[in-house]
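Below is structure-v9.pdb, which holds PDB, C-alpha atoms.
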```
ATOM      1  CA  MET A 732     120.524  86.871  87.693
ATOM      2  CA  GLU A 733     117.017  88.022  88.574
ATOM      3  CA  GLU A 734     115.658  91.403  87.448
ATOM      4  CA  ASP A 735     115.609  92.827  91.002
ATOM      5  CA  ASP A 736     119.257  91.869  91.423
ATOM      6  CA  ARG A 737     120.148  93.549  88.121
ATOM      7  CA  GLN A 738     118.518  96.822  89.189
ATOM      8  CA  GLU A 739     120.223  96.608  92.562
ATOM      9  CA  MET A 740     123.614  96.091  90.930
ATOM     10  CA  VAL A 741     123.049  99.176  88.774
ATOM     11  CA  GLU A 742     122.229 101.204  91.886
ATOM     12  CA  LEU A 743     125.334  99.998  93.685
ATOM     13  CA  GLU A 744     127.542 100.528  90.645
ATOM     14  CA  ASN A 745     126.308 104.035  89.850
ATOM     15  CA  GLY A 746     127.191 105.205  93.360
ATOM     16  CA  SER A 747     124.354 107.720  93.620
ATOM     17  CA  TRP A 748     124.884 107.745  97.399
ATOM     18  CA  LYS A 749     128.295 109.330  96.959
ATOM     19  CA  ASP A 750     127.055 111.910  94.475
ATOM     20  CA  ALA A 751     124.319 112.959  96.919
ATOM     21  CA  TRP A 752     126.888 113.350  99.699
ATOM     22  CA  GLU A 753     129.165 115.487  97.527
ATOM     23  CA  GLU A 754     126.256 117.624  96.299
ATOM     24  CA  GLU A 755     125.126 118.228  99.864
ATOM     25  CA  LEU A 756     128.578 119.392 100.961
ATOM     26  CA  ALA A 757     128.953 121.591  97.870
ATOM     27  CA  SER A 758     125.534 123.186  98.460
ATOM     28  CA  SER A 759     126.331 123.883 102.111
ATOM     29  CA  GLU A 760     129.660 125.451 101.190
ATOM     30  CA  LYS A 761     128.078 127.589  98.456
ATOM     31  CA  ASN A 762     125.419 128.943 100.792
ATOM     32  CA  GLY A 763     127.967 129.548 103.524
ATOM     33  CA  LYS A 764     125.773 127.696 105.957
ATOM     34  CA  TRP A 765     127.066 124.448 107.433
ATOM     35  CA  THR A 766     123.998 123.388 109.359
ATOM     36  CA  CYS A 767     125.537 120.006 110.145
ATOM     37  CA  PHE A 768     128.269 121.532 112.289
ATOM     38  CA  GLN A 769     126.127 122.184 115.319
ATOM     39  CA  ILE A 770     128.612 121.125 117.989
ATOM     40  CA  GLY A 771     131.229 123.753 118.742
ATOM     41  CA  GLY A 772     130.336 125.989 115.797
ATOM     42  CA  THR A 773     131.907 126.067 112.346
ATOM     43  CA  PRO A 774     135.663 125.379 112.633
ATOM     44  CA  SER A 775     138.293 126.921 110.392
ATOM     45  CA  LEU A 776     140.760 124.798 108.465
ATOM     46  CA  ARG A 777     143.638 126.614 110.141
ATOM     47  CA  THR A 778     142.310 125.502 113.524
ATOM     48  CA  LEU A 779     141.660 121.923 112.431
ATOM     49  CA  TRP A 780     144.996 121.443 110.699
ATOM     50  CA  LEU A 781     147.476 123.492 112.700
ATOM     51  CA  SER A 782     146.250 123.983 116.264
ATOM     52  CA  GLN A 783     147.948 121.945 118.984
ATOM     53  CA  GLU A 784     145.423 122.755 121.716
ATOM     54  CA  ALA A 785     143.851 119.796 123.512
ATOM     55  CA  GLU A 786     140.252 120.853 122.987
ATOM     56  CA  VAL A 787     140.787 121.046 119.218
ATOM     57  CA  GLN A 788     141.106 117.290 118.995
ATOM     58  CA  ALA A 789     137.534 116.966 120.281
ATOM     59  CA  GLN A 790     136.469 119.555 117.714
ATOM     60  CA  ARG A 791     138.139 117.514 114.963
ATOM     61  CA  TYR A 792     136.220 114.442 116.105
ATOM     62  CA  ASN A 793     132.904 116.334 116.199
ATOM     63  CA  THR A 794     133.530 117.803 112.766
ATOM     64  CA  PHE A 795     134.198 114.367 111.297
ATOM     65  CA  LEU A 796     130.954 112.979 112.751
ATOM     66  CA  ALA A 797     129.038 116.027 111.558
ATOM     67  CA  CYS A 798     130.206 115.403 107.986
ATOM     68  CA  PHE A 799     128.141 112.204 108.088
ATOM     69  CA  HIS A 800     125.292 113.585 110.268
ATOM     70  CA  LEU A 801     126.306 111.398 113.188
ATOM     71  CA  TRP A 802     126.791 113.949 115.954
ATOM     72  CA  ASN A 803     123.808 112.483 117.855
ATOM     73  CA  GLU A 804     125.609 109.131 118.066
ATOM     74  CA  ARG A 805     128.828 110.708 119.358
ATOM     75  CA  GLU A 806     128.863 109.182 122.839
ATOM     76  CA  GLU A 807     128.059 105.654 121.682
ATOM     77  CA  LEU A 808     130.625 105.808 118.900
ATOM     78  CA  GLN A 809     133.313 107.064 121.262
ATOM     79  CA  ALA A 810     132.773 104.020 123.468
ATOM     80  CA  LEU A 811     133.940 101.749 120.626
ATOM     81  CA  GLU A 812     137.452 101.029 119.448
ATOM     82  CA  PRO A 813     138.616 103.504 116.774
ATOM     83  CA  SER A 814     138.479 100.919 113.988
ATOM     84  CA  LEU A 815     134.929  99.930 114.974
ATOM     85  CA  THR A 816     133.929 103.600 115.232
ATOM     86  CA  VAL A 817     135.061 104.120 111.650
ATOM     87  CA  LEU A 818     133.262 100.945 110.582
ATOM     88  CA  GLY A 819     130.078 102.109 112.300
ATOM     89  CA  CYS A 820     130.227 105.537 110.629
ATOM     90  CA  LEU A 821     130.728 103.973 107.225
ATOM     91  CA  LEU A 822     127.981 101.359 107.517
ATOM     92  CA  ILE A 823     125.448 103.795 108.950
ATOM     93  CA  TYR A 824     125.967 106.262 106.149
ATOM     94  CA  LEU A 825     125.849 103.554 103.465
ATOM     95  CA  LEU A 826     122.664 102.143 104.951
ATOM     96  CA  TRP A 827     121.078 105.591 104.888
ATOM     97  CA  GLN A 828     121.883 106.029 101.213
ATOM     98  CA  VAL A 829     121.449 102.540  99.727
ATOM     99  CA  ASP A 830     118.156 100.695 100.143
ATOM    100  CA  ALA A 831     119.583  97.438  98.804
ATOM    101  CA  PHE A 832     121.287  96.571 102.101
ATOM    102  CA  SER A 833     119.714  93.866 104.260
ATOM    103  CA  ILE A 834     120.277  92.523 107.768
ATOM    104  CA  GLU A 835     122.293  89.651 106.283
ATOM    105  CA  ASP A 836     124.614  92.113 104.511
ATOM    106  CA  LEU A 837     125.131  94.084 107.719
ATOM    107  CA  ASN A 838     125.934  90.918 109.666
ATOM    108  CA  ALA A 839     128.452  89.876 107.027
ATOM    109  CA  PHE A 840     130.264  93.241 107.061
ATOM    110  CA  ILE A 841     130.581  93.387 110.842
ATOM    111  CA  ALA A 842     131.551  89.722 111.168
ATOM    112  CA  GLN A 843     134.280  89.883 108.542
ATOM    113  CA  THR A 844     135.854  92.969 110.140
ATOM    114  CA  LEU A 845     135.926  91.316 113.555
ATOM    115  CA  CYS A 846     137.205  87.987 112.210
ATOM    116  CA  LEU A 847     139.885  89.780 110.221
ATOM    117  CA  ARG A 848     141.722  90.503 113.477
ATOM    118  CA  GLY A 849     142.521  86.859 114.102
ATOM    119  CA  ARG A 850     143.675  85.990 110.582
ATOM    120  CA  SER A 851     147.201  86.112 109.239
ATOM    121  CA  ALA A 852     147.991  86.908 105.611
ATOM    122  CA  ALA A 853     148.728  83.229 104.978
ATOM    123  CA  GLN A 854     145.386  82.186 106.440
ATOM    124  CA  LEU A 855     143.520  84.726 104.338
ATOM    125  CA  SER A 856     145.252  83.677 101.133
ATOM    126  CA  GLY A 857     144.480  80.051 101.941
ATOM    127  CA  LEU A 858     140.722  80.574 102.166
ATOM    128  CA  GLN A 859     138.905  78.303  99.727
ATOM    129  CA  LEU A 860     135.594  79.379  98.169
ATOM    130  CA  THR A 861     133.316  77.076  96.205
ATOM    131  CA  TYR A 862     132.070  80.037  94.155
ATOM    132  CA  VAL A 863     132.210  83.848  94.041
ATOM    133  CA  ASP A 864     128.943  85.741  94.417
ATOM    134  CA  SER A 865     128.767  88.771  92.105
ATOM    135  CA  ARG A 866     126.536  90.732  94.492
ATOM    136  CA  ALA A 867     129.070  90.299  97.295
ATOM    137  CA  VAL A 868     131.766  91.626  94.940
ATOM    138  CA  GLN A 869     129.643  94.733  94.292
ATOM    139  CA  LEU A 870     129.023  95.265  98.001
ATOM    140  CA  GLY A 871     132.731  94.927  98.703
ATOM    141  CA  SER A 872     133.513  97.504  96.025
ATOM    142  CA  LEU A 873     130.943  99.860  97.539
ATOM    143  CA  PHE A 874     132.507  99.398 100.980
ATOM    144  CA  ILE A 875     135.994 100.292  99.712
ATOM    145  CA  ARG A 876     134.688 103.352  97.856
ATOM    146  CA  GLY A 877     132.955 104.484 101.035
ATOM    147  CA  LEU A 878     136.124 103.887 103.040
ATOM    148  CA  THR A 879     138.016 106.108 100.593
ATOM    149  CA  THR A 880     135.500 108.875 101.299
ATOM    150  CA  LEU A 881     136.022 108.439 105.034
ATOM    151  CA  ILE A 882     139.789 108.716 104.584
ATOM    152  CA  LEU A 883     139.348 111.985 102.696
ATOM    153  CA  ALA A 884     137.013 113.340 105.402
ATOM    154  CA  ASN A 885     139.502 112.302 108.086
ATOM    155  CA  SER A 886     142.254 114.229 106.299
ATOM    156  CA  ALA A 887     140.067 117.315 105.836
ATOM    157  CA  CYS A 888     139.127 117.334 109.535
ATOM    158  CA  GLY A 889     142.719 117.288 110.753
ATOM    159  CA  PHE A 890     143.023 113.531 111.414
ATOM    160  CA  PRO A 891     140.753 112.824 114.379
ATOM    161  CA  PHE A 892     141.570 109.153 113.671
ATOM    162  CA  ARG A 893     144.973 107.671 113.002
ATOM    163  CA  MET A 894     145.330 106.778 109.335
ATOM    164  CA  ASP A 895     146.413 103.320 110.400
ATOM    165  CA  ASP A 896     142.903 102.699 111.776
ATOM    166  CA  LEU A 897     141.359 103.444 108.383
ATOM    167  CA  MET A 898     143.536 101.256 106.203
ATOM    168  CA  ALA A 899     141.589  98.787 104.078
ATOM    169  CA  TRP A 900     143.686  95.772 105.073
ATOM    170  CA  LYS A 901     142.586  96.298 108.688
ATOM    171  CA  MET A 902     138.887  96.528 107.858
ATOM    172  CA  PHE A 903     138.194  94.445 104.776
ATOM    173  CA  ASP A 904     139.269  91.307 102.950
ATOM    174  CA  GLY A 905     137.457  90.236  99.811
ATOM    175  CA  LYS A 906     137.672  86.464 100.266
ATOM    176  CA  LEU A 907     136.751  86.626 103.941
ATOM    177  CA  PHE A 908     133.762  88.841 103.133
ATOM    178  CA  GLN A 909     132.649  86.374 100.462
ATOM    179  CA  GLN A 910     132.736  83.616 103.077
ATOM    180  CA  LYS A 911     130.774  85.607 105.673
ATOM    181  CA  TYR A 912     128.314  86.879 103.063
ATOM    182  CA  GLN A 913     127.510  83.373 101.874
ATOM    183  CA  GLN A 914     127.216  82.078 105.440
ATOM    184  CA  SER A 915     124.938  84.944 106.439
ATOM    185  CA  HIS A 916     122.593  84.446 103.493
ATOM    186  CA  ARG A 917     122.474  80.706 104.174
ATOM    187  CA  GLY A 918     120.981  81.536 107.567
ATOM    188  CA  CYS A 919     124.008  80.819 109.768
ATOM    189  CA  SER A 920     123.793  82.115 113.327
ATOM    190  CA  VAL A 921     125.872  85.028 114.615
ATOM    191  CA  GLU A 922     127.918  82.569 116.686
ATOM    192  CA  GLU A 923     128.835  80.696 113.522
ATOM    193  CA  LEU A 924     129.719  83.913 111.700
ATOM    194  CA  LEU A 925     132.038  84.885 114.556
ATOM    195  CA  GLU A 926     133.547  81.385 114.733
ATOM    196  CA  GLY A 927     132.479  80.913 118.345
ATOM    197  CA  ASN A 928     134.456  83.876 119.749
ATOM    198  CA  LYS A 929     132.464  85.269 122.709
ATOM    199  CA  CYS A 930     134.511  88.484 122.942
ATOM    200  CA  TRP A 931     133.668  89.336 119.357
ATOM    201  CA  LEU A 932     130.026  88.514 120.036
ATOM    202  CA  THR A 933     129.722  91.408 122.535
ATOM    203  CA  GLU A 934     131.362  93.867 120.137
ATOM    204  CA  PHE A 935     129.175  92.604 117.300
ATOM    205  CA  GLN A 936     125.961  93.125 119.269
ATOM    206  CA  ASN A 937     126.969  96.593 120.500
ATOM    207  CA  LEU A 938     127.896  97.835 117.026
ATOM    208  CA  LYS A 939     124.866  96.306 115.337
ATOM    209  CA  SER A 940     122.547  97.788 117.971
ATOM    210  CA  LEU A 941     124.083 101.235 117.452
ATOM    211  CA  ILE A 942     123.736 100.992 113.666
ATOM    212  CA  CYS A 943     120.110  99.835 113.841
ATOM    213  CA  LYS A 944     119.197 102.662 116.234
ATOM    214  CA  ALA A 945     120.792 105.245 113.956
ATOM    215  CA  CYS A 946     118.876 103.835 110.989
ATOM    216  CA  MET A 947     115.593 103.975 112.892
ATOM    217  CA  LYS A 948     116.189 107.658 113.694
ATOM    218  CA  ASN A 949     116.557 108.295 109.982
ATOM    219  CA  ASN A 950     113.409 106.309 109.129
ATOM    220  CA  ARG A 951     115.477 103.539 107.551
ATOM    221  CA  SER A 952     114.221 100.096 108.510
ATOM    222  CA  LEU A 953     116.485  97.131 107.879
ATOM    223  CA  GLN A 954     114.816  93.954 106.696
ATOM    224  CA  SER A 955     115.923  90.374 106.424
ATOM    225  CA  ARG A 956     116.321  89.270 102.794
ATOM    226  CA  GLN A 957     118.092  85.965 102.457
ATOM    227  CA  ARG A 958     119.252  85.390  98.908
ATOM    228  CA  GLU A 959     119.667  82.136  97.086
ATOM    229  CA  SER A 960     123.292  81.559  96.179
ATOM    230  CA  GLU A 961     124.247  82.061  92.555
ATOM    231  CA  SER A 962     125.692  78.547  92.347
ATOM    232  CA  THR A 963     122.302  77.113  93.338
ATOM    233  CA  ARG A 964     120.470  79.298  90.846
ATOM    234  CA  TRP A 965     122.848  78.419  88.025
ATOM    235  CA  GLY A 966     122.670  74.731  88.941
ATOM    236  CA  SER A 967     118.874  74.584  88.868
ATOM    237  CA  SER A 968     118.797  76.582  85.627
ATOM    238  CA  PHE A 969     121.306  74.205  84.059
ATOM    239  CA  GLN A 970     119.268  71.170  85.068
ATOM    240  CA  ARG A 971     116.082  72.646  83.631
ATOM    241  CA  SER A 972     117.728  73.566  80.338
ATOM    242  CA  HIS A 973     119.347  70.126  79.979
ATOM    243  CA  GLN A 974     116.407  68.001  81.035
ATOM    244  CA  PRO A 975     115.732  65.342  78.359
ATOM    245  CA  HIS A 976     112.475  65.750  76.473
ATOM    246  CA  CYS A 977     111.098  62.370  75.316
ATOM    247  CA  SER A 978     108.112  62.475  73.014
ATOM    248  CA  SER A 979     105.567  59.711  72.877
ATOM    249  CA  LEU A 980     105.039  58.123  69.469
ATOM    250  CA  TYR A 981     102.010  55.997  68.698
ATOM    251  CA  TYR A 982     101.871  53.603  65.802
ATOM    252  CA  PRO A 983      98.275  52.568  65.105
ATOM    253  CA  ASN A 984      99.167  49.605  62.868
ATOM    254  CA  GLN A 985     101.306  48.057  65.599
ATOM    255  CA  GLY A 986      98.840  48.711  68.393
ATOM    256  CA  GLN A 987     101.516  49.921  70.787
ATOM    257  CA  GLN A 988     103.028  53.142  72.028
ATOM    258  CA  TRP A 989     106.704  53.916  71.645
ATOM    259  CA  ARG A 990     108.130  56.228  74.332
ATOM    260  CA  GLY A 991     111.334  58.084  73.732
ATOM    261  CA  LEU A 992     114.321  56.494  72.075
ATOM    262  CA  GLN A 993     114.286  52.736  71.628
ATOM    263  CA  PRO A 994     117.446  50.640  71.766
ATOM    264  CA  TYR A 995     119.018  49.912  68.393
ATOM    265  CA  SER A 996     118.505  46.216  67.577
ATOM    266  CA  SER A 997     119.531  45.701  63.964
ATOM    267  CA  ARG A 998     120.636  47.811  61.075
ATOM    268  CA  PHE A 999     118.020  46.275  58.792
ATOM    269  CA  GLU A1000     115.242  45.866  61.269
ATOM    270  CA  THR A1001     111.794  45.843  59.658
ATOM    271  CA  ARG A1002     110.128  49.145  60.403
ATOM    272  CA  PRO A1003     106.431  49.586  61.128
ATOM    273  CA  SER A1004     104.399  49.814  57.972
ATOM    274  CA  GLY A1005     101.974  52.571  57.278
ATOM    275  CA  ARG A1006     101.996  56.122  56.056
ATOM    276  CA  GLY A1007     105.417  57.741  56.214
ATOM    277  CA  TYR A1008     107.324  54.452  56.462
ATOM    278  CA  GLY A1009     109.092  52.396  53.758
ATOM    279  CA  SER A1010     107.421  49.386  52.166
ATOM    280  CA  GLU A1011     108.696  45.812  52.359
ATOM    281  CA  GLU A1012     110.029  46.107  48.784
ATOM    282  CA  GLN A1013     112.164  49.103  49.731
ATOM    283  CA  ASN A1014     113.527  47.222  52.715
ATOM    284  CA  GLN A1015     114.578  44.329  50.444
ATOM    285  CA  LYS A1016     116.410  46.755  48.143
ATOM    286  CA  ARG A1017     118.336  48.090  51.126
ATOM    287  CA  ARG A1018     119.391  44.563  52.038
ATOM    288  CA  ARG A1019     120.654  43.944  48.479
ATOM    289  CA  PHE A1020     122.819  47.049  48.278
ATOM    290  CA  GLN A1021     124.992  47.126  51.383
ATOM    291  CA  HIS A1022     127.887  49.563  51.594
ATOM    292  CA  THR A1023     131.266  48.377  52.739
ATOM    293  CA  PRO A1024     131.649  49.333  56.407
ATOM    294  CA  ARG A1025     133.978  52.294  56.971
ATOM    295  CA  TRP A1026     135.421  50.996  60.223
ATOM    296  CA  PRO A1027     136.502  47.424  60.957
ATOM    297  CA  ARG A1028     134.001  45.512  63.056
TER     298      ARG A1028
END
```
With the file now loaded, output its structure as structure tokens.
Amino acid sequence: MEEDDRQEMVELENGSWKDAWEEELASSEKNGKWTCFQIGGTPSLRTLWLSQEAEVQAQRYNTFLACFHLWNEREELQALEPSLTVLGCLLIYLLWQVDAFSIEDLNAFIAQTLCLRGRSAAQLSGLQLTYVDSRAVQLGSLFIRGLTTLILANSACGFPFRMDDLMAWKMFDGKLFQQKYQQSHRGCSVEELLEGNKCWLTEFQNLKSLICKACMKNNRSLQSRQRESESTRWGSSFQRSHQPHCSSLYYPNQGQQWRGLQPYSSRFETRPSGRGYGSEEQNQKRRRFQHTPRWPR
């Protein structure tokens, strides 16, 4: 694994994005000033959890978006299906916190969530992968940790979303993400990632456009960084380390150059004379004293 990838894995594993989010909430609570709750004022937990009034549901939704600084994207997020709204909130916030994400990673996350709809459990278990990319495993772990945070925020805000819309099995599958991740970093088109489904293509473009706009507002520019697959890197490294090294030997008395290993012709073949090689008398002694062969010929 390259040095940049190692540093990136450390960043993803440490989860500094989550610590920053928790510190920000703790600081706001300590100061008694929730500047993020700009829509509808600061709600009380009693109102969020117990009120049955119709307008409170909108306040729950606004509070949830404000937890992730997404109140400016409220209208566009509301136009999406609930599961895609949750996915958009999660990806936007992760992209704001983690610089390691690329366009290819974003495409893979959205594509796998959309393609997950049309897959049964048997189809998912039957997916065959030629290899497992360690970086994709780390990104998947980060996604699930972020989803756990969203579930906690949803509970604290009085459930603006149904818990069923936030369940991991409706938003993420490890093997399917591995497949889409590898396809995306190989340069496959969006149509290929979405398996030719035109309905998913519209949803994909709408959600990706929303996420990119939100990132631009936060001065976060997404870049394309296609990565060579680990199987290719390991294969090329293996070939380099196992490449035969043949040295060239030159015997001045024979007037010829010997390259590499020569085929074995005879056990008592006369060797080239000269410095470092046995004399003719030594060769005759070897012929006289032959050991009995260990194995039958």
One-decimal distance in Å that lies between CA of Ile834 in chain A and CA of Ser955 in chain A: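 Interatomic distance, CA of Ser955 in chain A to CA of Ile834 in chain A: 5.0 Å.
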Straight-line distance linking CA of Gln910 in chain A with CA of Ser851 in chain A, stated in Å to one decimal: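 One can read the CA of Gln910 in chain A to CA of Ser851 in chain A distance as 15.9 Å.
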Pick from A:Leu826, A:Leu811, A:Leu796, A:Leu847, whichever lies nearest to Asn949 in chain A using all atoms listed in the file: A:Leu826
Atomic distance CA of Cys946 in chain A - CA of Gly877 in chain A, expressed in Å with one decimal: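 Between CA of Cys946 in chain A and CA of Gly877 in chain A the gap works out to 17.3 Å.
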Counting all atoms listed in the file, the option among A:Arg917, A:Lys911, A:Lys929, A:Arg876 closest to Leu821 in chain A: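 Result for the nearest residue to Leu821 in chain A: A:Arg876.
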For Trp827 in chain A: contacts at 12 Å, only C-alpha atoms, fewer than 4 positions along chain excluded, given as a PDB file with C-alpha atoms, keeping the file's coordinate frame:
```pdb
ATOM      1  CA  SER A 747     124.354 107.720  93.620  1.00  0.00           C
ATOM      2  CA  TRP A 748     124.884 107.745  97.399  1.00  0.00           C
ATOM      3  CA  LYS A 749     128.295 109.330  96.959  1.00  0.00           C
ATOM      4  CA  ALA A 751     124.319 112.959  96.919  1.00  0.00           C
ATOM      5  CA  TRP A 752     126.888 113.350  99.699  1.00  0.00           C
ATOM      6  CA  PHE A 799     128.141 112.204 108.088  1.00  0.00           C
ATOM      7  CA  HIS A 800     125.292 113.585 110.268  1.00  0.00           C
ATOM      8  CA  LEU A 801     126.306 111.398 113.188  1.00  0.00           C
ATOM      9  CA  CYS A 820     130.227 105.537 110.629  1.00  0.00           C
ATOM     10  CA  LEU A 821     130.728 103.973 107.225  1.00  0.00           C
ATOM     11  CA  LEU A 822     127.981 101.359 107.517  1.00  0.00           C
ATOM     12  CA  ILE A 823     125.448 103.795 108.950  1.00  0.00           C
ATOM     13  CA  ALA A 831     119.583  97.438  98.804  1.00  0.00           C
ATOM     14  CA  PHE A 832     121.287  96.571 102.101  1.00  0.00           C
ATOM     15  CA  SER A 833     119.714  93.866 104.260  1.00  0.00           C
ATOM     16  CA  ILE A 942     123.736 100.992 113.666  1.00  0.00           C
ATOM     17  CA  CYS A 943     120.110  99.835 113.841  1.00  0.00           C
ATOM     18  CA  LYS A 944     119.197 102.662 116.234  1.00  0.00           C
ATOM     19  CA  ALA A 945     120.792 105.245 113.956  1.00  0.00           C
ATOM     20  CA  CYS A 946     118.876 103.835 110.989  1.00  0.00           C
ATOM     21  CA  MET A 947     115.593 103.975 112.892  1.00  0.00           C
ATOM     22  CA  LYS A 948     116.189 107.658 113.694  1.00  0.00           C
ATOM     23  CA  ASN A 949     116.557 108.295 109.982  1.00  0.00           C
ATOM     24  CA  ASN A 950     113.409 106.309 109.129  1.00  0.00           C
ATOM     25  CA  ARG A 951     115.477 103.539 107.551  1.00  0.00           C
ATOM     26  CA  SER A 952     114.221 100.096 108.510  1.00  0.00           C
ATOM     27  CA  LEU A 953     116.485  97.131 107.879  1.00  0.00           C
TER      28      LEU A 953
END
```
Residues within 9 Å of (136.0, 103.8, 111.7), counting only C-alpha atoms, listed as a list in words: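 Result, sorted by chain then residue number: Glu812, Pro813, Ser814, Leu815, Thr816, Val817, Leu818, Gly819, Cys820, Leu821, Leu878, Leu881, Phe892, Asp896, Leu897 and Met902 of chain A.
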Ground truth for the PyMOL selection byres ((chain A and resi 854-866) around 7), written as a ChimeraX atom specification: /A:850-853,867-870,906,909,961-962
Kindly export the residues of the current selection with C-alpha atoms, as a PDB file, in the coordinates of the input.
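This went into selection.pdb:
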```
ATOM      1  CA  ARG A 850     143.675  85.990 110.582  1.00  0.00           C
ATOM      2  CA  SER A 851     147.201  86.112 109.239  1.00  0.00           C
ATOM      3  CA  ALA A 852     147.991  86.908 105.611  1.00  0.00           C
ATOM      4  CA  ALA A 853     148.728  83.229 104.978  1.00  0.00           C
ATOM      5  CA  ALA A 867     129.070  90.299  97.295  1.00  0.00           C
ATOM      6  CA  VAL A 868     131.766  91.626  94.940  1.00  0.00           C
ATOM      7  CA  GLN A 869     129.643  94.733  94.292  1.00  0.00           C
ATOM      8  CA  LEU A 870     129.023  95.265  98.001  1.00  0.00           C
ATOM      9  CA  LYS A 906     137.672  86.464 100.266  1.00  0.00           C
ATOM     10  CA  GLN A 909     132.649  86.374 100.462  1.00  0.00           C
ATOM     11  CA  GLU A 961     124.247  82.061  92.555  1.00  0.00           C
ATOM     12  CA  SER A 962     125.692  78.547  92.347  1.00  0.00           C
TER      13      SER A 962
END
```
Resolved residues for the PyMOL selection byres ((chain A and resi 790) around 10) as JSON, numbers by chain: {"A": [770, 771, 772, 773, 774, 778, 779, 785, 786, 787, 788, 789, 791, 792, 793, 794, 795, 796, 888, 889, 891]}
Selected residue, from A:Thr844, A:Thr880, A:Gln957, A:Gln783, that lies nearest to Trp931 in chain A when counting all atoms listed in the file: A:Thr844
With 6 Å on each side, where is the centre of the axis-aligned box around all listed atoms of range 829-838 of chain A, and how long are its edges in Å to one decimal, as lines of an AutoDock Vina configuration file?
```
center_x = 122.0
center_y = 96.1
center_z = 104.2
size_x = 19.8
size_y = 24.9
size_z = 22.9
```
Residue neighbourhood Thr879 in chain A, 12 Å, all atoms listed in the file, exclusion window fewer than 3 positions, as a VMD selection string: chain A and resid 749 817 821 872 to 876 882 to 886 894 897 to 899
Convert the current residue selection to file output with C-alpha atoms, as a PDB file, in the frame of the given file.
```
ATOM      1  CA  LYS A 749     128.295 109.330  96.959  1.00  0.00           C
ATOM      2  CA  VAL A 817     135.061 104.120 111.650  1.00  0.00           C
ATOM      3  CA  LEU A 821     130.728 103.973 107.225  1.00  0.00           C
ATOM      4  CA  SER A 872     133.513  97.504  96.025  1.00  0.00           C
ATOM      5  CA  LEU A 873     130.943  99.860  97.539  1.00  0.00           C
ATOM      6  CA  PHE A 874     132.507  99.398 100.980  1.00  0.00           C
ATOM      7  CA  ILE A 875     135.994 100.292  99.712  1.00  0.00           C
ATOM      8  CA  ARG A 876     134.688 103.352  97.856  1.00  0.00           C
ATOM      9  CA  ILE A 882     139.789 108.716 104.584  1.00  0.00           C
ATOM     10  CA  LEU A 883     139.348 111.985 102.696  1.00  0.00           C
ATOM     11  CA  ALA A 884     137.013 113.340 105.402  1.00  0.00           C
ATOM     12  CA  ASN A 885     139.502 112.302 108.086  1.00  0.00           C
ATOM     13  CA  SER A 886     142.254 114.229 106.299  1.00  0.00           C
ATOM     14  CA  MET A 894     145.330 106.778 109.335  1.00  0.00           C
ATOM     15  CA  LEU A 897     141.359 103.444 108.383  1.00  0.00           C
ATOM     16  CA  MET A 898     143.536 101.256 106.203  1.00  0.00           C
ATOM     17  CA  ALA A 899     141.589  98.787 104.078  1.00  0.00           C
TER      18      ALA A 899
END
```
